[in-house]
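Asker: Next comes entry_37.txt, compact mmCIF, C-alpha atoms and all ligand atoms:
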# COMPACT_ATOMS: atom_id res chain seq x y z
CA MET A 1 14.50 3.34 -11.70
CA GLU A 2 17.58 3.75 -9.56
CA SER A 3 20.17 1.04 -10.08
CA CYS A 4 21.88 -0.73 -7.21
CA ARG A 5 21.57 2.08 -4.71
CA TYR A 6 18.29 1.79 -2.91
CA ARG A 7 16.87 3.89 -0.15
CA LYS A 8 14.27 2.70 2.22
CA CYS A 9 12.39 4.16 5.12
CA VAL A 10 13.62 2.56 8.36
CA ILE A 11 10.23 3.01 10.02
CA CYS A 12 7.69 1.72 7.49
CA GLY A 13 10.06 0.09 5.00
CA ILE A 14 8.71 1.94 1.97
CA ARG A 15 11.16 2.02 -0.92
CA ASN A 16 9.32 3.35 -3.91
CA LEU A 17 7.68 6.62 -3.13
CA PRO A 18 4.59 7.56 -5.12
CA LYS A 19 5.54 10.27 -7.59
CA SER A 20 2.46 12.35 -6.98
CA SER A 21 2.54 12.73 -3.21
CA THR A 22 5.01 14.50 -0.96
CA ALA A 23 7.81 12.15 -1.86
CA VAL A 24 10.53 12.71 0.67
CA LEU A 25 13.09 10.31 2.02
CA ALA A 26 15.19 12.20 4.53
CA SER A 27 18.59 10.97 5.63
CA PHE A 28 19.40 10.83 9.33
CA PRO A 29 20.81 14.13 10.60
CA LEU A 30 24.50 14.42 11.44
CA ASP A 31 23.71 16.63 14.40
CA PRO A 32 24.09 14.34 17.46
CA ASP A 33 21.12 15.74 19.37
CA ARG A 34 18.72 15.53 16.45
CA CYS A 35 20.08 12.18 15.32
CA ARG A 36 19.33 10.85 18.79
CA LEU A 37 15.69 11.95 18.43
CA TRP A 38 15.44 10.21 15.06
CA VAL A 39 16.95 6.98 16.40
CA LYS A 40 14.60 7.19 19.34
CA ALA A 41 11.62 7.65 17.03
CA SER A 42 12.72 4.78 14.78
CA GLY A 43 12.51 2.41 17.74
CA ILE A 44 15.43 0.40 16.35
CA GLU A 45 17.80 -0.35 19.17
CA ASP A 46 20.63 -1.42 16.85
CA PHE A 47 20.92 2.12 15.52
CA VAL A 48 22.15 3.33 18.90
CA HIS A 49 25.34 1.36 18.21
CA VAL A 50 25.84 2.62 14.65
CA PRO A 51 28.08 5.68 14.14
CA ILE A 52 25.99 8.68 13.19
CA GLU A 53 28.02 9.16 10.03
CA LYS A 54 26.86 5.72 8.90
CA LEU A 55 23.27 6.46 9.78
CA HIS A 56 23.49 9.67 7.81
CA GLN A 57 24.87 7.87 4.77
CA SER A 58 22.62 4.87 4.65
CA LYS A 59 19.43 5.33 6.68
CA TYR A 60 16.31 7.25 5.73
CA VAL A 61 12.90 8.18 7.04
CA CYS A 62 10.06 8.90 4.63
CA GLY A 63 7.90 12.00 4.70
CA SER A 64 4.84 10.25 6.11
CA HIS A 65 6.35 10.33 9.61
CA PHE A 66 6.64 14.08 9.76
CA ALA A 67 3.84 16.43 10.71
CA PRO A 68 2.62 18.57 7.78
CA GLU A 69 3.90 21.73 9.46
CA CYS A 70 7.44 20.30 9.33
CA PHE A 71 7.55 20.73 5.57
CA ASN A 72 8.43 23.79 3.55
CA SER A 73 5.71 25.75 1.74
CA LYS A 74 5.81 23.46 -1.30
CA GLY A 75 5.46 20.43 0.91
CA ASN A 76 8.36 18.65 -0.74
CA ARG A 77 11.25 19.45 1.56
CA LEU A 78 12.06 18.97 5.21
CA PRO A 79 14.23 21.39 7.14
CA SER A 80 17.10 19.79 9.00
CA SER A 81 15.33 20.46 12.30
CA ALA A 82 12.40 18.13 11.51
CA VAL A 83 11.91 15.08 13.73
CA PRO A 84 9.69 12.09 12.86
CA THR A 85 6.62 11.91 15.12
CA LEU A 86 3.85 10.27 13.07
CA ARG A 87 2.96 6.65 12.26
CA LEU A 88 5.82 5.31 14.33
CA ASN A 89 5.27 1.57 14.39
CA ARG A 90 7.66 0.78 17.23
CA PRO A 91 7.73 2.12 20.78
CA LEU A 92 10.16 4.97 21.36
CA LEU A 93 13.55 3.85 22.64
CA SER A 94 14.27 4.52 26.27
CA ASP A 95 16.84 7.17 27.17
CA ASP A 96 18.82 4.52 29.05
CA LEU A 97 19.93 3.07 25.72
CA PHE A 98 21.63 6.28 24.72
CA ALA A 99 24.37 6.28 27.35
CA GLU A 100 27.08 5.89 24.69
CA PHE A 101 25.33 7.75 21.92
CA PRO A 102 26.55 9.12 19.56
CA LEU A 103 29.21 6.84 18.19
CA HIS A 104 31.50 8.09 15.46
CA VAL A 105 33.32 6.36 12.64
CA LYS A 106 36.90 5.70 13.68
CA SER A 107 39.53 4.72 11.14
CA ASN A 108 41.03 2.07 13.40
CA HIS A 109 37.69 0.31 13.47
CA ALA A 110 37.93 -0.53 9.78
CA LYS A 111 37.99 -4.24 10.47
CA PHE A 112 34.74 -4.08 12.38
CA GLU A 113 33.12 -2.04 9.62
CA LYS A 114 34.20 -4.50 6.94
CA GLY A 115 32.73 -7.51 8.67
CA LYS A 116 29.42 -5.88 9.27
CA ILE A 117 27.07 -5.42 6.37
CA LEU A 118 24.50 -2.83 7.30
CA CYS A 119 23.25 -2.22 3.83
CA ASN A 120 24.03 -3.71 0.51
CA PHE A 121 24.90 -0.93 -1.83
CA MET A 122 28.43 -0.61 -3.11
ZN ZN B 1 8.15 5.58 6.29
Let me see the file written as structure tokens.
Ligand SMILES: [Zn+2]

Answerer:
Amino acid sequence: MESCRYRKCVICGIRNLPKSSTAVLASFPLDPDRCRLWVKASGIEDFVHVPIEKLHQSKYVCGSHFAPECFNSKGNRLPSSAVPTLRLNRPLLSDDLFAEFPLHVKSNHAKFEKGKILCNFM
């Protein structure tokens, strides 16, 4: 078992992936265009206001939301171009929400970052 650092799928909330199946938890892409598609697919409006570096570090999507043809030949890896399209349990976010997307981490926003707990690993 992993210690304090846990990963969880932002779409279905799964944390412990079955060992046997195509166990993939993919982190959000740093590429702004692809990250936008992932945020859109997640349906979580709050993510629009999170810097993409933060999303990349702390948010994941599990393999069950990617079409089988997205995976490599072994079925255990996703190329960086993959976008979640399956079993999305929230409606896609509207493009209107992405007017200011993507945000980036800025050092002078340290105060804001400190006060906001997005995830609880150290
Ligand atoms: Zn999932």

Asker: Give the residue list for ligand ZN 1 (chain B) at 12 Å, counting all atoms listed in the file, as a ChimeraX atom specification, sorted by chain and then by residue number.

Answerer: /A:7-17,22-27,41-42,59-66,84-90

Asker: Pick the closest to Ser81 (chain A) from A:Phe47, A:Lys54, A:His104, A:Glu69: which is it, counting all atoms listed in the file?

Answerer: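 So, comparing all the options, the nearest one is A:Glu69.
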
Asker: Using all atoms listed in the file, can you tell me which of A:Ile44, A:His56, A:Cys70, A:Gly75 comes closest to Leu92 (chain A)?

Answerer: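 Among the listed residues, A:Ile44 lies closest to Leu92 (chain A).
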
Asker: For a quick check of understanding, using only C-alpha atoms, which of A:Ala82, A:Leu93, A:Leu103, A:Leu30 has the smallest distance to Glu45 (chain A)?

Answerer: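 Among the listed residues, the smallest separation from Glu45 (chain A) belongs to A:Leu93.
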
Asker: So which residues fall inside 10 Å of (25.2, 3.0, 15.6) if we count only C-alpha atoms? Mind giving them as JSON, numbers by chain?

Answerer: {"A": [39, 45, 46, 47, 48, 49, 50, 51, 52, 53, 54, 55, 100, 101, 102, 103, 104, 105]}

Asker: Of the residues A:Lys106, A:Ser58, A:Phe98, A:Arg77, which is the one nearest to Lys40 (chain A), using all atoms listed in the file?

Answerer: A:Phe98
